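Here is the structure we will look at.
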Amino acid sequence: MSTTAPEPKANMGNPVPRYDAVAKVTGKASYAADVPLANPAFAFLVTSAIAKGRIDSFDLSDARKVPGVIDVVTHETMEKLKEAKLFSDGGYTSSTIQPLQSAEIAHDGQIIAVVLADSFEAARDAAYRVRVNTTAAAPTASFSSPGTTSGRAKGQLAQFKEDPKVGDFASAFAAADVKLTASYETPTQHHNPMELFATSCVWNDDRLTIFEPSQYVYGLKNGVAEQLGVDADKVRVINAYVGGAFGSKGSMTPRTAIIAALARRLNRPVKLVATRDQGFTIATYRAETRHRIEIGASRDGKLVALRHEGAEISSRADAYAVGGTKTTTRLYACPNVDSMVSIVRADRNTPGFMRSPPEVPYLFALESAMDELAVQLNMDPIELRRVNDTMKEPIDGKPYTSRALMDCFDAGAEAFGWSKRDAQPKSMSEGDWMIGYGCAATCYPTQMAPAAARVRLQRDGRARIEIAGHEIGNGAYTVIAQAAAEKLDIPVEKVTVALGDSDLPPAPVAGGSNSTASTCSAVMMVCDQIRQRLFKAILPADSLIDKAKETVGLGQTQVTQAAKSDRPLDLETAFDALGVSMVEEYGEWKPDGAPLDSFRAMHNGKMRMVGGSEMKDRIAFAFGAEFVEVRVNRWTQEIRVPRLLGVFAAGRIMNPRTARSQLMGGLIWGMSSALLEATELDERHARYVNDNLADYLMPVNADVPNVEVIMLSEQDDRINPAGVKGLGELGNVGTNAAVCNAIFHATGQRIRKLPVRLENLQV
Ligand code: MOS
């Protein structure tokens, strides 16, 4: 028996510095558009200046005269591509509006031509010389425009299955002691990742390599193969790093198959880096939403009736909706609940996922309404949440696997100094500044998806992990290395991790905050396989094994138990016993409740996400409480946010350093979303106006002087082997409401439309 105690593990749960930090700060990290190509042609997109109508003709003569121009491709000369199904409907694409396939124009900024040239400058020059004659029709821009059509979201796409309801809302609301009805609006927003939408395509005979920032290399590989009609195994997508995505790079956009087809036609690598403004229309965005909330409550604050109606903008072609009522109807105990989500179709590009897609707009509405109800009841808003806290969601009665919402509120109230708050609006000030304290709940579903991994371990303790996960700033390299180091009982410095390559074992989309839970669960499982092989080699000789068991042979159960335990493993002894210097294992993991076709779907780049409110016998969410201090200037109405505080309980925290960055980023984005971010729409032309980083407002350091993150420890064994809930999207869910609730406290003015700008306040 070993007499020395095993060294404490310094892996999972420790603030290990970011694996890719040095590469990133020294510029060694290579992004998709940085990859050098041999003799590339450069592509520049020409986009439509009308939002609706058709192209009558092109005049390409001036464009073709630009020295270095190779070709100008339009719908008249582009090859036909196969149709693509929407990601949210079980397909791959972000939009079924396929440019360059016909003369029809479906939205402003649609790709109508691609210039190919020997240099980027020549391509750009020629692109501005493309002349197009169009017949334009009056477009419909948004909710208030004439010509929109409206329909129920439910049943239109595979992703959108329910409008949750339970009990009898109408009677309960009618009979309620206290009633609240309020409407809320959220604006159009764009992701604006630092890294632009770039695509490089290189053919080697019939093999295609794509360098493109993607949150889902398996989806992109399979989607492009489908559109080009080629074998998916001949397509490879590579991106070691993604420079920001937030949902915008989760599904395939139409540009990729176009660039791949042009590279094949040219028999030459083609490189595209779309411009910032083109990114507003060739990819997705967060569409504007509208909400009507009705709450009936008893005098002591218990909800008796809740109705949440949401409406969202989508394109004419696609019934995309984020639909957050599946979360808002389950957050608090309430016997009578009703909800409905509608889609309003306008002449716009198809919207898509953006960080915490459903929860951000829908919880803004609910958590603002809860604050309004607290005011009406003359009740502390935290106490109102406590009275309605529940361990069972009200729609199907399923238990939460764990739920620390009130723990988060209590810890937050303490750290923030909530007791110093005078409940009376407009009661706190300092000099010219009116002070407000506000809070709101935050939550995000715990989601997981099938993933595979390959793990190689050497006799000297070095390990290599291969998985087609994605480093989108989330710390994927770091936490995967930590999970492997922990399981293999080796120092984290000895682990190398390969991600972002569709030739590696498949991993799901880095979206829906499922990455850490899914990839780490797969990696931990495969590390167990490695340990089993090694223990199998040494266990019979190990004195720990009971002699009696030795005589009947070593059962697989014992090997499995040893592998799964913390039991230290002497690698040299194990490798000597095996007679090799390296072992390698591949394995496929799927979460409980994943469908039978999970692994096949995983290889085909199709998502089989499990979790949140969609599990059979339980419901899994991460929770948090967010606190905001605002100061509103009495004379100028300038709004400042001196303090943001978030307390979160999200299962096991793999790495408090990377987790904290994620949550800080979320809180800052949430504040930005409440006070700054909006894509302005020219309603006459259905066109985005502020499509650049100068006019699209975002916070700078001076706007966020103090951001504090507190993570509560939470053990949840009912979610996944890693015990991870995911937190990439948790941080920015509650902030919109917390900011507006604080503004109400400071000024007595309730703002129900985001973003709140100083011109919206009359103080
Ligand atoms: Mo996230 S919006 O699911 O990438």
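Order determines the names: the first chain of the structure tokens is A, the second B, and so forth; residues in each chain are numbered 1 upward, and ligands are numbered 1 upward as they are shown.
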query = Counting only C-alpha atoms, what is within 12 Å of Ser61 (chain A), bar same-chain residues fewer than 5 positions away, as a ChimeraX atom specification?
reply = /A:66,69,71-72,126-127,129-132
Residues of chain A within 8 Å of ligand 1: nearest atom pair and distance (Å, one decimal) for each, counting only C-alpha atoms and all ligand atoms, sorted by chain and number, as JSON lines?
```
{"residue": "A:Gln215", "atom": "CA", "partner": "ligand 1", "partner_atom_place_in_ligand_line": "4 (O)", "distance": 7.2}
{"residue": "A:Ala245", "atom": "CA", "partner": "ligand 1", "partner_atom_place_in_ligand_line": "4 (O)", "distance": 6.7}
{"residue": "A:Phe246", "atom": "CA", "partner": "ligand 1", "partner_atom_place_in_ligand_line": "4 (O)", "distance": 4.5}
{"residue": "A:Gly247", "atom": "CA", "partner": "ligand 1", "partner_atom_place_in_ligand_line": "4 (O)", "distance": 3.1}
{"residue": "A:Ser248", "atom": "CA", "partner": "ligand 1", "partner_atom_place_in_ligand_line": "4 (O)", "distance": 6.7}
{"residue": "A:Lys249", "atom": "CA", "partner": "ligand 1", "partner_atom_place_in_ligand_line": "4 (O)", "distance": 7.3}
{"residue": "A:Gly250", "atom": "CA", "partner": "ligand 1", "partner_atom_place_in_ligand_line": "4 (O)", "distance": 5.9}
{"residue": "A:Gly352", "atom": "CA", "partner": "ligand 1", "partner_atom_place_in_ligand_line": "2 (S)", "distance": 7.9}
{"residue": "A:Phe353", "atom": "CA", "partner": "ligand 1", "partner_atom_place_in_ligand_line": "2 (S)", "distance": 4.3}
{"residue": "A:Met354", "atom": "CA", "partner": "ligand 1", "partner_atom_place_in_ligand_line": "2 (S)", "distance": 3.6}
{"residue": "A:Arg355", "atom": "CA", "partner": "ligand 1", "partner_atom_place_in_ligand_line": "2 (S)", "distance": 3.6}
{"residue": "A:Ser356", "atom": "CA", "partner": "ligand 1", "partner_atom_place_in_ligand_line": "2 (S)", "distance": 5.4}
{"residue": "A:Pro357", "atom": "CA", "partner": "ligand 1", "partner_atom_place_in_ligand_line": "2 (S)", "distance": 5.5}
{"residue": "A:Val509", "atom": "CA", "partner": "ligand 1", "partner_atom_place_in_ligand_line": "4 (O)", "distance": 7.9}
{"residue": "A:Ala510", "atom": "CA", "partner": "ligand 1", "partner_atom_place_in_ligand_line": "4 (O)", "distance": 6.1}
{"residue": "A:Gly511", "atom": "CA", "partner": "ligand 1", "partner_atom_place_in_ligand_line": "3 (O)", "distance": 3.3}
{"residue": "A:Gly512", "atom": "CA", "partner": "ligand 1", "partner_atom_place_in_ligand_line": "3 (O)", "distance": 3.6}
{"residue": "A:Ser513", "atom": "CA", "partner": "ligand 1", "partner_atom_place_in_ligand_line": "3 (O)", "distance": 6.3}
{"residue": "A:Glu729", "atom": "CA", "partner": "ligand 1", "partner_atom_place_in_ligand_line": "1 (Mo)", "distance": 7.2}
```
Nearest residue to Ala507 (chain A) from the set A:Ala261, A:Leu228, A:Ile55, A:Val217 (distances using only C-alpha atoms) =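 Closest to Ala507 (chain A) of all the choices is A:Val217.
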inquiry  = Can you pull out the residues contacting region 306-308 of chain A? Cut-off 9 Å, using only C-alpha atoms, and skip same-chain residues under 2 positions away; I want them as a list in words.
reply    =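 After dropping sequence-adjacent residues, the list is Lys165, Phe169, Phe173, His291, Arg292, Ile293, Glu294, Ile295, Gly296, Ala297, Leu303, Val304, Gly310, Thr325, Thr328, Thr329, Cys334, Pro335, Asn336, Val337, Asp338, Ser339, Met340, Val341, Tyr362, Ala365 and Leu366 of chain A.
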Could you build a table of the residues in region 133-208 of chain A lying no more than 7 Å from region 736-760 of chain A, giving for each the nearest pair of atoms and their separation in Å rounded to one decimal place, using only C-alpha atoms, ordered by chain and ascending residue number, as a Markdown table?
```
| residue | atom | partner | partner_atom | distance |
| --- | --- | --- | --- | --- |
| A:Ser183 | CA | A:Arg752 | CA | 6.8 |
| A:Tyr184 | CA | A:Arg752 | CA | 4.8 |
| A:Glu185 | CA | A:Lys753 | CA | 4.6 |
| A:Thr186 | CA | A:Leu754 | CA | 5.0 |
| A:Pro187 | CA | A:Leu754 | CA | 6.2 |
```
ask   = Hey, which of A:Val495, A:Ala411, A:Val25, A:Ile395 ends up closest to Gly624 (chain A)? Count only C-alpha atoms.
value =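 Of A:Val495, A:Ala411, A:Val25, A:Ile395, the one nearest Gly624 (chain A), counting only C-alpha atoms, is A:Ala411.
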query = Taking into account only C-alpha atoms, which residue in the set A:Leu727, A:Ala321, A:Ala481, A:Ala577 is nearest to Pro656 (chain A)?
reply = A:Leu727
ask   = Hey, which of A:Ala574, A:Ile382, A:Ala517, A:Met524 ends up closest to Arg459 (chain A)? Count only C-alpha atoms.
value =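 Of A:Ala574, A:Ile382, A:Ala517, A:Met524, the one nearest Arg459 (chain A), counting only C-alpha atoms, is A:Ala574.
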task = Tell me, in Å to one decimal, how far CA of Tyr31 (chain A) is from CA of Val733 (chain A).
result =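 About the pair CA of Tyr31 (chain A) and CA of Val733 (chain A): they are 29.1 Å apart.
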key: Residue list (strand (DSSP E), DSSP) for region 37-191 of chain A, as a PyMOL selection string   = chain A and resi 41-47+53-59+69-74+104-105+111-117+131-136+149-152+178-186
I need the chosen residues saved as a compact mmCIF listing (two decimals), in the first residue's frame, with C-alpha atoms.
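Saved to again_20.txt:
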```
# COMPACT_ATOMS: atom_id res chain seq x y z
CA ALA A 41 -7.88 35.28 -55.19
CA PHE A 42 -9.63 37.89 -53.04
CA ALA A 43 -13.39 38.15 -52.92
CA PHE A 44 -15.35 41.31 -52.19
CA LEU A 45 -19.10 41.24 -51.77
CA VAL A 46 -21.52 43.57 -53.50
CA THR A 47 -24.73 43.94 -51.50
CA GLY A 53 -37.75 43.84 -55.35
CA ARG A 54 -35.74 42.33 -58.15
CA ILE A 55 -32.59 42.83 -60.15
CA ASP A 56 -33.31 43.77 -63.77
CA SER A 57 -29.75 43.94 -65.07
CA PHE A 58 -26.13 44.50 -64.21
CA ASP A 59 -23.58 46.70 -65.91
CA VAL A 69 -10.07 41.70 -61.61
CA ILE A 70 -10.63 38.03 -62.44
CA ASP A 71 -14.40 37.80 -62.50
CA VAL A 72 -17.62 39.37 -61.27
CA VAL A 73 -20.15 36.70 -60.38
CA THR A 74 -23.87 37.42 -60.17
CA GLU A 104 -35.18 38.36 -56.19
CA ILE A 105 -34.13 40.68 -53.37
CA ILE A 111 -25.30 39.59 -51.45
CA ILE A 112 -25.96 40.31 -55.14
CA ALA A 113 -22.48 39.90 -56.65
CA VAL A 114 -19.01 38.70 -55.75
CA VAL A 115 -15.93 40.32 -57.28
CA LEU A 116 -12.83 38.14 -57.55
CA ALA A 117 -9.45 39.78 -58.04
CA ARG A 131 -23.86 49.00 -61.46
CA VAL A 132 -27.18 47.35 -60.90
CA ASN A 133 -30.64 48.21 -62.20
CA THR A 134 -33.43 47.12 -59.92
CA THR A 135 -37.18 47.33 -59.63
CA ALA A 136 -37.83 48.19 -56.01
CA THR A 149 -47.80 39.39 -41.52
CA SER A 150 -48.15 37.82 -38.11
CA GLY A 151 -48.51 34.24 -36.97
CA ARG A 152 -48.06 32.02 -34.02
CA VAL A 178 -53.67 42.78 -7.14
CA LYS A 179 -53.24 43.08 -10.90
CA LEU A 180 -50.50 44.32 -13.12
CA THR A 181 -50.50 44.69 -16.89
CA ALA A 182 -47.48 46.11 -18.65
CA SER A 183 -45.82 46.12 -22.08
CA TYR A 184 -42.12 46.05 -22.82
CA GLU A 185 -39.93 46.46 -25.89
CA THR A 186 -36.40 45.42 -26.75
```
message = Under the rule that only C-alpha atoms are counted, which of A:Val322, A:Ala374, A:Ile467, A:Ala620 is the nearest residue to Tyr400 (chain A)?
response =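 Of A:Val322, A:Ala374, A:Ile467, A:Ala620, the one nearest Tyr400 (chain A), counting only C-alpha atoms, is A:Ala620.
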note = Taken to one decimal, the CA of Leu569 (chain A)-CA of Val16 (chain A) distance is 22.8 Å
query = Mind pulling up the distance from CA of Leu457 (chain A) to CA of Val583 (chain A)?
reply =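 Between CA of Val583 (chain A) and CA of Leu457 (chain A) the gap works out to 5.4 Å.
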Near-region 557-562 of chain A list (6 Å; only C-alpha atoms; drop same-chain fewer than 2 positions) as a list in words =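 Surrounding residues, per the criterion: Gln532, Lys536, Gly555, Lys564 and Ser565 of chain A.
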Could you save the residues just selected, with C-alpha atoms, as an mmCIF file, in the first residue's frame?
```cif
data_model
loop_
_atom_site.group_PDB
_atom_site.id
_atom_site.type_symbol
_atom_site.label_atom_id
_atom_site.label_comp_id
_atom_site.auth_asym_id
_atom_site.auth_seq_id
_atom_site.Cartn_x
_atom_site.Cartn_y
_atom_site.Cartn_z
ATOM 1 C CA GLN A 532 -9.249 1.518 -17.036
ATOM 2 C CA LYS A 536 -6.323 -3.431 -15.861
ATOM 3 C CA GLY A 555 -13.653 -8.230 -12.592
ATOM 4 C CA LYS A 564 -13.419 6.273 -11.624
ATOM 5 C CA SER A 565 -11.934 6.728 -8.152
#
```
Among the residues A:Lys494, A:His107, A:Arg687, A:Arg207, the one that comes closest to Ala263 (chain A) [using only C-alpha atoms] =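 Closest residue, counting only C-alpha atoms: A:Arg207.
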